[in-house]
file final23.cif (mmCIF, C-alpha atoms)
data_work
#
loop_
_atom_site.label_atom_id
_atom_site.label_comp_id
_atom_site.auth_asym_id
_atom_site.auth_seq_id
_atom_site.Cartn_x
_atom_site.Cartn_y
_atom_site.Cartn_z
CA MET A 1 -12.92 -24.92 58.76
CA LYS A 2 -10.64 -26.47 56.15
CA THR A 3 -6.95 -25.66 55.77
CA TYR A 4 -5.20 -24.99 52.47
CA VAL A 5 -1.47 -24.73 51.89
CA VAL A 6 -0.19 -22.67 48.95
CA GLY A 7 3.12 -22.90 47.11
CA ASP A 8 5.76 -20.26 46.44
CA LEU A 9 4.16 -17.03 45.17
CA GLN A 10 7.40 -15.25 44.24
CA GLY A 11 5.70 -11.97 43.39
CA CYS A 12 3.08 -13.42 41.03
CA HIS A 13 0.24 -11.20 42.22
CA GLY A 14 -2.47 -11.93 39.65
CA GLU A 15 -2.08 -15.68 40.03
CA THR A 16 -2.12 -15.35 43.83
CA VAL A 17 -5.40 -13.42 43.80
CA THR A 18 -6.96 -15.87 41.35
CA LEU A 19 -5.97 -18.91 43.41
CA VAL A 20 -7.12 -17.43 46.73
CA GLU A 21 -10.46 -16.52 45.16
CA LYS A 22 -10.80 -20.10 43.89
CA ILE A 23 -10.17 -21.40 47.40
CA LEU A 24 -12.74 -19.04 48.92
CA GLU A 25 -15.33 -19.77 46.22
CA THR A 26 -14.85 -23.53 46.62
CA GLU A 27 -15.47 -23.38 50.37
CA HIS A 28 -18.35 -20.94 50.05
CA ALA A 29 -20.05 -23.15 47.46
CA ALA A 30 -19.72 -26.11 49.82
CA GLY A 31 -21.36 -24.13 52.62
CA ASN A 32 -18.20 -24.23 54.74
CA GLN A 33 -16.65 -21.62 56.98
CA PRO A 34 -13.94 -19.36 55.49
CA PRO A 35 -10.85 -21.55 55.30
CA SER A 36 -7.43 -21.27 56.83
CA ILE A 37 -4.80 -20.51 54.18
CA LEU A 38 -1.10 -21.02 54.86
CA PHE A 39 1.58 -19.85 52.42
CA CYS A 40 4.83 -21.81 52.36
CA GLY A 41 7.21 -18.85 52.00
CA ASP A 42 8.94 -16.94 49.22
CA LEU A 43 6.03 -14.57 48.91
CA ILE A 44 8.19 -12.22 46.85
CA ASN A 45 11.03 -11.96 44.32
CA ARG A 46 11.67 -13.15 40.78
CA GLY A 47 8.06 -12.48 39.73
CA PRO A 48 6.54 -9.31 38.22
CA ASP A 49 4.80 -7.66 41.21
CA SER A 50 6.35 -8.39 44.57
CA LEU A 51 4.92 -5.24 46.14
CA SER A 52 1.28 -6.01 45.34
CA THR A 53 1.75 -9.64 46.33
CA LEU A 54 3.20 -8.74 49.71
CA ARG A 55 0.49 -6.14 50.34
CA TYR A 56 -2.20 -8.65 49.40
CA VAL A 57 -0.99 -11.43 51.69
CA GLN A 58 -0.40 -8.97 54.52
CA ALA A 59 -3.97 -7.67 54.20
CA LEU A 60 -5.38 -11.20 54.07
CA SER A 61 -3.43 -12.18 57.16
CA GLN A 62 -4.23 -9.10 59.21
CA GLY A 63 -7.94 -9.45 58.55
CA SER A 64 -8.18 -13.17 59.25
CA ASP A 65 -7.96 -13.58 63.04
CA GLY A 66 -5.05 -15.95 62.56
CA ARG A 67 -6.61 -18.10 59.83
CA ILE A 68 -4.19 -16.88 57.16
CA ASP A 69 -0.43 -16.82 57.62
CA ALA A 70 2.87 -17.55 55.90
CA VAL A 71 6.19 -19.05 56.90
CA LEU A 72 9.38 -17.28 55.94
CA GLY A 73 11.36 -18.37 52.90
CA ASN A 74 14.90 -17.59 51.80
CA HIS A 75 13.74 -14.83 49.44
CA ASP A 76 11.73 -13.19 52.21
CA LEU A 77 14.78 -13.18 54.49
CA HIS A 78 16.89 -11.87 51.61
CA LEU A 79 14.53 -8.91 51.22
CA LEU A 80 14.91 -8.07 54.91
CA ALA A 81 18.70 -8.24 54.58
CA VAL A 82 18.78 -6.03 51.50
CA ALA A 83 16.40 -3.51 53.07
CA ASN A 84 18.77 -3.18 56.02
CA GLY A 85 21.91 -2.74 53.92
CA ILE A 86 23.31 -6.15 54.82
CA ARG A 87 23.25 -7.62 51.31
CA PRO A 88 23.28 -5.96 47.90
CA GLU A 89 20.41 -6.43 45.50
CA SER A 90 20.99 -9.21 42.99
CA SER A 91 20.44 -8.73 39.28
CA SER A 92 17.62 -11.28 39.53
CA ASP A 93 15.81 -9.50 42.39
CA THR A 94 12.45 -7.92 41.59
CA PHE A 95 11.49 -6.28 44.87
CA GLU A 96 12.75 -2.75 44.21
CA HIS A 97 9.18 -1.40 44.41
CA ILE A 98 8.88 -2.73 47.97
CA LEU A 99 12.05 -0.88 48.95
CA ALA A 100 10.69 2.36 47.48
CA ALA A 101 7.11 2.01 48.77
CA ALA A 102 5.58 4.48 51.21
CA ASP A 103 4.40 1.56 53.37
CA ARG A 104 7.78 -0.19 53.14
CA GLU A 105 8.43 -0.26 56.90
CA ALA A 106 4.97 -1.63 57.73
CA LEU A 107 5.36 -4.36 55.12
CA LEU A 108 8.85 -5.33 56.29
CA HIS A 109 7.75 -5.31 59.93
CA TRP A 110 4.87 -7.64 59.18
CA LEU A 111 7.16 -9.92 57.17
CA ARG A 112 9.78 -10.04 59.94
CA LEU A 113 7.18 -11.30 62.41
CA ARG A 114 6.13 -14.31 60.37
CA PRO A 115 6.85 -17.81 61.71
CA MET A 116 9.62 -20.08 60.46
CA ALA A 117 7.49 -23.22 60.86
CA ILE A 118 3.84 -24.04 61.55
CA LEU A 119 2.58 -27.32 63.02
CA ARG A 120 -1.15 -27.72 62.42
CA ARG A 121 -3.39 -30.78 62.25
CA GLU A 122 -0.42 -33.14 62.24
CA HIS A 123 1.09 -31.27 59.29
CA LEU A 124 4.43 -29.48 59.60
CA LEU A 125 4.83 -26.52 57.23
CA VAL A 126 8.27 -25.13 56.42
CA HIS A 127 9.72 -23.44 53.36
CA GLY A 128 12.77 -25.59 52.68
CA GLY A 129 13.32 -28.76 54.65
CA VAL A 130 13.69 -30.50 57.99
CA LEU A 131 16.92 -32.12 59.13
CA PRO A 132 16.59 -35.89 59.71
CA GLN A 133 17.63 -35.56 63.37
CA TRP A 134 14.67 -33.31 64.24
CA THR A 135 11.21 -34.34 65.38
CA ALA A 136 8.25 -32.18 64.40
CA GLN A 137 8.05 -30.71 67.90
CA GLN A 138 11.79 -30.02 67.95
CA THR A 139 11.54 -28.35 64.55
CA VAL A 140 8.92 -25.93 65.84
CA ALA A 141 10.97 -25.25 68.99
CA LEU A 142 14.08 -24.51 66.92
CA ALA A 143 12.04 -22.34 64.56
CA CYS A 144 10.90 -20.36 67.60
CA GLU A 145 14.54 -19.64 68.46
CA VAL A 146 15.00 -17.96 65.08
CA GLU A 147 11.67 -16.17 65.40
CA ALA A 148 12.78 -14.77 68.76
CA ALA A 149 15.98 -13.45 67.16
CA LEU A 150 14.02 -11.84 64.32
CA ARG A 151 11.60 -10.22 66.77
CA GLY A 152 14.21 -9.09 69.27
CA GLU A 153 16.03 -5.77 69.60
CA GLN A 154 19.15 -7.15 67.89
CA TRP A 155 17.32 -8.51 64.84
CA VAL A 156 19.47 -6.59 62.36
CA ASP A 157 22.59 -8.12 63.89
CA PHE A 158 20.98 -11.53 63.49
CA LEU A 159 20.40 -10.88 59.78
CA ARG A 160 24.01 -9.76 59.43
CA ASP A 161 25.24 -13.06 60.93
CA MET A 162 22.68 -15.27 59.16
CA TYR A 163 24.61 -15.90 55.93
CA GLY A 164 27.01 -18.77 55.36
CA ASN A 165 26.99 -22.52 54.69
CA GLN A 166 28.57 -23.55 57.98
CA PRO A 167 27.78 -25.38 60.13
CA ASP A 168 26.33 -27.78 57.55
CA ARG A 169 25.16 -30.39 60.06
CA TRP A 170 23.13 -30.30 63.24
CA ASP A 171 24.54 -30.78 66.71
CA ASP A 172 22.46 -30.25 69.83
CA GLY A 173 25.46 -28.48 71.32
CA LEU A 174 25.47 -25.72 68.71
CA ALA A 175 25.03 -22.29 70.24
CA GLY A 176 24.73 -18.65 69.27
CA THR A 177 25.14 -17.58 65.65
CA ALA A 178 26.18 -21.04 64.44
CA ARG A 179 23.05 -22.62 65.91
CA LEU A 180 20.67 -20.08 64.41
CA ARG A 181 22.37 -20.17 61.01
CA CYS A 182 22.10 -23.95 60.85
CA ILE A 183 18.38 -23.78 61.68
CA VAL A 184 17.73 -21.09 59.06
CA ASN A 185 19.65 -22.99 56.38
CA ALA A 186 17.68 -26.18 57.02
CA LEU A 187 14.28 -24.52 57.16
CA THR A 188 14.72 -22.19 54.18
CA ARG A 189 17.54 -23.43 51.91
CA MET A 190 18.02 -27.19 52.16
CA ARG A 191 17.19 -29.55 49.32
CA PHE A 192 19.80 -32.30 49.52
CA CYS A 193 21.71 -33.83 52.41
CA THR A 194 23.69 -36.96 53.18
CA ALA A 195 22.25 -39.94 55.02
CA ASP A 196 23.48 -38.50 58.31
CA GLY A 197 22.14 -35.01 57.62
CA VAL A 198 25.05 -33.02 56.19
CA MET A 199 23.43 -30.29 54.09
CA ASP A 200 24.47 -29.51 50.51
CA PHE A 201 23.76 -26.06 49.02
CA LYS A 202 25.38 -26.44 45.60
CA LEU A 203 22.92 -28.74 43.84
CA LYS A 204 19.79 -26.69 43.03
CA GLU A 205 18.44 -27.26 39.55
CA SER A 206 17.68 -30.95 39.89
CA ALA A 207 15.26 -33.27 41.62
CA SER A 208 17.88 -35.99 42.13
CA ALA A 209 21.58 -36.33 42.84
CA ASP A 210 24.28 -38.63 41.46
CA PRO A 211 24.23 -41.70 43.76
CA ALA A 212 28.02 -41.50 43.95
CA SER A 213 27.74 -38.14 45.69
CA GLY A 214 26.10 -39.61 48.76
CA LEU A 215 23.42 -36.93 48.52
CA MET A 216 19.68 -37.52 48.61
CA PRO A 217 16.56 -35.38 48.99
CA TRP A 218 16.34 -34.47 52.69
CA PHE A 219 13.03 -36.31 53.03
CA GLU A 220 14.63 -39.59 51.88
CA ALA A 221 17.26 -39.60 54.63
CA PRO A 222 17.03 -42.95 56.49
CA GLY A 223 15.66 -42.72 59.99
CA ARG A 224 14.24 -39.24 59.47
CA ARG A 225 12.44 -38.42 62.73
CA THR A 226 9.60 -36.55 61.03
CA ALA A 227 8.66 -39.61 58.96
CA ASP A 228 5.49 -39.97 61.05
CA THR A 229 4.42 -36.37 60.35
CA THR A 230 3.23 -34.96 57.04
CA VAL A 231 5.82 -32.35 56.11
CA VAL A 232 4.66 -29.63 53.72
CA PHE A 233 7.22 -27.47 51.93
CA GLY A 234 7.99 -25.37 48.86
CA HIS A 235 11.35 -24.05 47.63
CA TRP A 236 12.09 -26.85 45.14
CA SER A 237 10.59 -26.09 41.74
CA ALA A 238 12.71 -28.78 40.04
CA LEU A 239 11.02 -31.36 42.25
CA GLY A 240 7.57 -30.15 41.28
CA LEU A 241 4.25 -30.87 42.92
CA GLN A 242 4.31 -34.01 45.08
CA ILE A 243 1.31 -35.19 47.11
CA LYS A 244 2.20 -38.29 49.10
CA PRO A 245 0.82 -39.82 52.31
CA LYS A 246 3.41 -38.09 54.53
CA LEU A 247 4.83 -35.44 52.21
CA ILE A 248 3.49 -32.49 50.22
CA ALA A 249 5.86 -30.52 47.95
CA LEU A 250 4.14 -27.38 46.75
CA ASP A 251 6.52 -25.48 44.47
CA SER A 252 5.07 -26.19 41.04
CA GLY A 253 7.12 -23.50 39.30
CA CYS A 254 4.68 -20.60 39.13
CA VAL A 255 7.33 -18.02 38.27
CA TRP A 256 8.91 -20.39 35.73
CA GLY A 257 5.77 -20.87 33.64
CA GLY A 258 4.30 -23.72 35.66
CA LYS A 259 1.37 -23.51 38.05
CA LEU A 260 0.53 -22.02 41.41
CA SER A 261 -0.83 -24.81 43.59
CA ALA A 262 -2.99 -25.11 46.70
CA VAL A 263 -3.63 -28.39 48.51
CA CYS A 264 -6.40 -28.89 51.06
CA LEU A 265 -4.93 -30.68 54.07
CA ASP A 266 -8.30 -32.14 55.02
CA ASP A 267 -8.97 -34.14 51.85
CA ARG A 268 -5.85 -33.63 49.66
CA SER A 269 -7.88 -31.91 46.95
CA LEU A 270 -5.85 -29.76 44.59
CA LEU A 271 -6.54 -26.30 43.16
CA GLN A 272 -4.19 -24.78 40.58
CA VAL A 273 -3.74 -21.69 38.44
CA ASP A 274 -1.74 -21.65 35.20
CA CYS A 275 1.13 -19.15 35.12
CA PRO A 276 3.00 -17.47 32.28
CA GLU A 277 6.75 -17.82 32.17
CA TYR A 278 7.96 -14.76 34.05
CA ARG A 279 11.49 -16.13 34.38
CA ALA A 280 13.48 -18.32 31.99
CA VAL A 281 14.46 -21.65 33.48
#
call {"tool": "encode", "arguments": {"input": "final23.cif", "output": "structure tokens"}}
result
Amino acid sequence: MKTYVVGDLQGCHGETVTLVEKILETEHAAGNQPPSILFCGDLINRGPDSLSTLRYVQALSQGSDGRIDAVLGNHDLHLLAVANGIRPESSSDTFEHILAAADREALLHWLRLRPMAILRREHLLVHGGVLPQWTAQQTVALACEVEAALRGEQWVDFLRDMYGNQPDRWDDGLAGTARLRCIVNALTRMRFCTADGVMDFKLKESASADPASGLMPWFEAPGRRTADTTVVFGHWSALGLQIKPKLIALDSGCVWGGKLSAVCLDDRSLLQVDCPEYRAV
């Protein structure tokens, strides 16, 4: 069984179906077992049909015996917060049909139970980034702390406390809300940080930072402890598709008129679908 990772869907239902069918047809033609397919988060929002996209991925996952799954992205968490009255809808949000759907609660429940990180075949999948102080195993353990909060009885309280940019650096002594918020911000929001892992959340629409700022892409931080693990992530459309020996960046700007991309972890082969420009850059 081969494993494919797929970039940010962001409510682009037609492109999602087309790409998944290409993956399945490719493996069937090769005489292989049905593949594992892992989505890197941001299943919904900004695109034209978040409801159908979420329903489609949910159905794929529930019928797959664990072969198909998705990690949570910042837009997915935002939907959960809006649905529970914690945050207002933004003018750029496009998930109003999910909120009005008859199966809304089943969809949101399924979404809430998704992992924050997946470690499979020496590949670590997250939506945003990994702080330089964390090993792959530590990242999964910290992700599990957030997952436990999302799956616990006080999960709405967790969502209420989740927002904020502080603390912006990791400390093993962090506890409670501050600890969970720092983990969420790294795994779902981070793009740039300093050499010692201080996260920046202001710089978004660029693939590089002014050297004078002291900021760098999180995966270029010196001494990063996941350097020996292939980290797979989305979230960063300005960075674009990157397939390197120990790094795979998957957000190729589907919702912005780019492509929706899938990479096979076994042989690094690439499958893509062209996308219309649903949102202006």
call {"tool": "resolve_selection", "arguments": {"input": "final23.cif", "expression": "the PyMOL selection byres ((chain A and resi 79-94) around 6)", "output": "ChimeraX atom specification"}}
result
/A:45-46,76-78,95-96,160
call {"tool": "resolve_selection", "arguments": {"input": "final23.cif", "expression": "the PyMOL selection byres ((chain A and resi 36-38) around 6)", "output": "list in words"}}
result
Thr3, Tyr4, Val5, Pro35, Phe39, Arg67, Ile68, Asp69 and Ala70 of chain A
call {"tool": "axis_aligned_box", "arguments": {"input": "final23.cif", "around": "segment 141-157 of chain A", "padding_each_side": "8 Å", "output": "lines of an AutoDock Vina configuration file"}}
result
center_x = 16.7
center_y = -15.5
center_z = 66.0
size_x = 27.7
size_y = 35.5
size_z = 23.2
call {"tool": "resolve_selection", "arguments": {"input": "final23.cif", "expression": "the PyMOL selection byres ((chain A and resi 148) around 12)", "output": "PyMOL selection string"}}
result
chain A and resi 112-116+141-147+149-155+158+180
call {"tool": "residues_around", "arguments": {"input": "final23.cif", "residues": "Met1 of chain A", "least_positions_apart": "5", "cutoff": "12 Å", "atoms": "all atoms listed in the file", "output": "MDAnalysis selection string"}}
result
chainID A and resid 24 27:28 30:37 67:68 121 264:266
call {"tool": "closest_residue", "arguments": {"input": "final23.cif", "among": "A:Gly129, A:Gly214, A:Gly63, A:Gly11", "to": "Arg279 of chain A", "atoms": "all atoms listed in the file"}}
result
A:Gly11
call {"tool": "residues_around", "arguments": {"input": "final23.cif", "residues": "Gln133 of chain A", "least_positions_apart": "3", "cutoff": "8 Å", "atoms": "all atoms listed in the file", "output": "list in words"}}
result
Trp170, Gly197, Arg224 and Arg225 of chain A
call {"tool": "closest_residue", "arguments": {"input": "final23.cif", "among": "A:Lys246, A:His97, A:Lys204, A:Arg120", "to": "Val231 of chain A", "atoms": "all atoms listed in the file"}}
result
A:Lys246
call {"tool": "residues_around", "arguments": {"input": "final23.cif", "residues": "Leu19 of chain A", "least_positions_apart": "2", "cutoff": "9 Å", "atoms": "all atoms listed in the file", "output": "list in words"}}
result
Val6, Gly14, Glu15, Thr16, Val17, Glu21, Lys22, Ile23, Leu24, Leu260, Ser261, Ala262, Leu271, Gln272 and Val273 of chain A
call {"tool": "write_last_selection", "arguments": {"input": "final23.cif", "atoms": "C-alpha atoms", "output": "compact mmCIF listing (two decimals), in the coordinates of the input"}}
result
# COMPACT_ATOMS: atom_id res chain seq x y z
CA VAL A 6 -0.19 -22.67 48.95
CA GLY A 14 -2.47 -11.93 39.65
CA GLU A 15 -2.08 -15.68 40.03
CA THR A 16 -2.12 -15.35 43.83
CA VAL A 17 -5.40 -13.42 43.80
CA GLU A 21 -10.46 -16.52 45.16
CA LYS A 22 -10.80 -20.10 43.89
CA ILE A 23 -10.17 -21.40 47.40
CA LEU A 24 -12.74 -19.04 48.92
CA LEU A 260 0.53 -22.02 41.41
CA SER A 261 -0.83 -24.81 43.59
CA ALA A 262 -2.99 -25.11 46.70
CA LEU A 271 -6.54 -26.30 43.16
CA GLN A 272 -4.19 -24.78 40.58
CA VAL A 273 -3.74 -21.69 38.44
call {"tool": "atom_distance", "arguments": {"input": "final23.cif", "atom1": "atom CA of Val57 of chain A", "atom2": "atom CA of Arg268 of chain A"}}
result
22.8 Å
call {"tool": "residues_around", "arguments": {"input": "final23.cif", "residues": "Leu119 of chain A", "least_positions_apart": "3", "cutoff": "8 Å", "atoms": "all atoms listed in the file", "output": "ChimeraX atom specification"}}
result
/A:122-125,136,140
call {"tool": "atom_distance", "arguments": {"input": "final23.cif", "atom1": "atom CA of Val20 of chain A", "atom2": "atom CA of Ala238 of chain A"}}
result
23.8 Å
call {"tool": "closest_residue", "arguments": {"input": "final23.cif", "among": "A:Asn165, A:Asp103, A:Ala227, A:Ala178", "to": "Phe201 of chain A", "atoms": "only C-alpha atoms"}}
result
A:Asn165
call {"tool": "atom_distance", "arguments": {"input": "final23.cif", "atom1": "atom CA of Thr188 of chain A", "atom2": "atom CA of His75 of chain A"}}
result
8.8 Å
call {"tool": "decode", "arguments": {"input": "final23.cif", "residues": "segment 22-34 of chain A", "atoms": "all heavy atoms", "output": "JSON list (two decimals), in the first residue's frame"}}
result
[["chain", "number", "residue", "atom", "x", "y", "z"],
["A", 22, "LYS", "N", -7.65, 10.47, -9.49],
["A", 22, "LYS", "CA", -6.38, 10.24, -10.17],
["A", 22, "LYS", "C", -5.46, 9.35, -9.34],
["A", 22, "LYS", "O", -4.80, 8.46, -9.87],
["A", 22, "LYS", "CB", -5.68, 11.58, -10.46],
["A", 22, "LYS", "CG", -6.28, 12.39, -11.58],
["A", 22, "LYS", "CD", -5.51, 13.67, -11.84],
["A", 22, "LYS", "CE", -4.16, 13.41, -12.48],
["A", 22, "LYS", "NZ", -3.50, 14.65, -12.94],
["A", 23, "ILE", "N", -5.44, 9.59, -8.04],
["A", 23, "ILE", "CA", -4.63, 8.75, -7.15],
["A", 23, "ILE", "C", -5.11, 7.31, -7.21],
["A", 23, "ILE", "O", -4.31, 6.36, -7.37],
["A", 23, "ILE", "CB", -4.69, 9.28, -5.71],
["A", 23, "ILE", "CG1", -4.01, 10.65, -5.60],
["A", 23, "ILE", "CG2", -4.04, 8.29, -4.74],
["A", 23, "ILE", "CD1", -4.23, 11.34, -4.27],
["A", 24, "LEU", "N", -6.41, 7.11, -7.07],
["A", 24, "LEU", "CA", -6.97, 5.75, -7.05],
["A", 24, "LEU", "C", -6.77, 5.05, -8.39],
["A", 24, "LEU", "O", -6.42, 3.86, -8.44],
["A", 24, "LEU", "CB", -8.46, 5.82, -6.71],
["A", 24, "LEU", "CG", -8.81, 6.37, -5.32],
["A", 24, "LEU", "CD1", -10.32, 6.45, -5.13],
["A", 24, "LEU", "CD2", -8.17, 5.54, -4.22],
["A", 25, "GLU", "N", -6.95, 5.78, -9.49],
["A", 25, "GLU", "CA", -6.76, 5.19, -10.82],
["A", 25, "GLU", "C", -5.29, 4.81, -11.04],
["A", 25, "GLU", "O", -4.99, 3.76, -11.64],
["A", 25, "GLU", "CB", -7.22, 6.17, -11.89],
["A", 25, "GLU", "CG", -8.74, 6.35, -11.93],
["A", 25, "GLU", "CD", -9.17, 7.54, -12.78],
["A", 25, "GLU", "OE1", -8.27, 8.18, -13.39],
["A", 25, "GLU", "OE2", -10.38, 7.83, -12.82],
["A", 26, "THR", "N", -4.38, 5.66, -10.58],
["A", 26, "THR", "CA", -2.95, 5.38, -10.74],
["A", 26, "THR", "C", -2.57, 4.09, -10.02],
["A", 26, "THR", "O", -1.85, 3.23, -10.57],
["A", 26, "THR", "CB", -2.12, 6.56, -10.18],
["A", 26, "THR", "OG1", -2.39, 7.73, -10.96],
["A", 26, "THR", "CG2", -0.63, 6.25, -10.24],
["A", 27, "GLU", "N", -3.04, 3.92, -8.80],
["A", 27, "GLU", "CA", -2.70, 2.72, -8.03],
["A", 27, "GLU", "C", -3.41, 1.48, -8.57],
["A", 27, "GLU", "O", -2.85, 0.39, -8.58],
["A", 27, "GLU", "CB", -3.02, 2.95, -6.55],
["A", 27, "GLU", "CG", -2.14, 4.00, -5.90],
["A", 27, "GLU", "CD", -0.67, 3.70, -6.09],
["A", 27, "GLU", "OE1", -0.22, 2.62, -5.65],
["A", 27, "GLU", "OE2", 0.03, 4.53, -6.70],
["A", 28, "HIS", "N", -4.65, 1.66, -9.02],
["A", 28, "HIS", "CA", -5.37, 0.52, -9.60],
["A", 28, "HIS", "C", -4.70, 0.05, -10.88],
["A", 28, "HIS", "O", -4.52, -1.17, -11.11],
["A", 28, "HIS", "CB", -6.82, 0.92, -9.88],
["A", 28, "HIS", "CG", -7.63, -0.18, -10.51],
["A", 28, "HIS", "ND1", -8.06, -1.28, -9.80],
["A", 28, "HIS", "CD2", -8.08, -0.35, -11.78],
["A", 28, "HIS", "CE1", -8.74, -2.08, -10.59],
["A", 28, "HIS", "NE2", -8.77, -1.54, -11.81],
["A", 29, "ALA", "N", -4.27, 1.00, -11.72],
["A", 29, "ALA", "CA", -3.61, 0.64, -12.97],
["A", 29, "ALA", "C", -2.30, -0.08, -12.74],
["A", 29, "ALA", "O", -1.88, -0.92, -13.55],
["A", 29, "ALA", "CB", -3.38, 1.90, -13.81],
["A", 30, "ALA", "N", -1.65, 0.22, -11.61],
["A", 30, "ALA", "CA", -0.38, -0.43, -11.28],
["A", 30, "ALA", "C", -0.59, -1.76, -10.58],
["A", 30, "ALA", "O", 0.39, -2.45, -10.27],
["A", 30, "ALA", "CB", 0.46, 0.50, -10.40],
["A", 31, "GLY", "N", -1.83, -2.13, -10.35],
["A", 31, "GLY", "CA", -2.12, -3.39, -9.67],
["A", 31, "GLY", "C", -1.86, -3.36, -8.18],
["A", 31, "GLY", "O", -1.70, -4.42, -7.55],
["A", 32, "ASN", "N", -1.84, -2.17, -7.60],
["A", 32, "ASN", "CA", -1.55, -2.02, -6.18],
["A", 32, "ASN", "C", -2.82, -2.01, -5.33],
["A", 32, "ASN", "O", -3.93, -1.82, -5.84],
["A", 32, "ASN", "CB", -0.77, -0.73, -5.93],
["A", 32, "ASN", "CG", 0.59, -0.75, -6.58],
["A", 32, "ASN", "OD1", 1.19, -1.80, -6.77],
["A", 32, "ASN", "ND2", 1.09, 0.43, -6.96],
["A", 33, "GLN", "N", -2.65, -2.18, -4.05],
["A", 33, "GLN", "CA", -3.75, -2.06, -3.11],
["A", 33, "GLN", "C", -4.26, -0.61, -3.09],
["A", 33, "GLN", "O", -3.53, 0.31, -3.45],
["A", 33, "GLN", "CB", -3.30, -2.41, -1.70],
["A", 33, "GLN", "CG", -2.76, -3.81, -1.51],
["A", 33, "GLN", "CD", -2.28, -4.00, -0.09],
["A", 33, "GLN", "OE1", -3.01, -3.74, 0.88],
["A", 33, "GLN", "NE2", -1.04, -4.45, 0.07],
["A", 34, "PRO", "N", -5.50, -0.39, -2.64],
["A", 34, "PRO", "CA", -5.97, 0.99, -2.46],
["A", 34, "PRO", "C", -5.00, 1.74, -1.55],
["A", 34, "PRO", "O", -4.58, 1.22, -0.51],
["A", 34, "PRO", "CB", -7.34, 0.81, -1.81],
["A", 34, "PRO", "CG", -7.80, -0.53, -2.27],
["A", 34, "PRO", "CD", -6.55, -1.37, -2.33]]
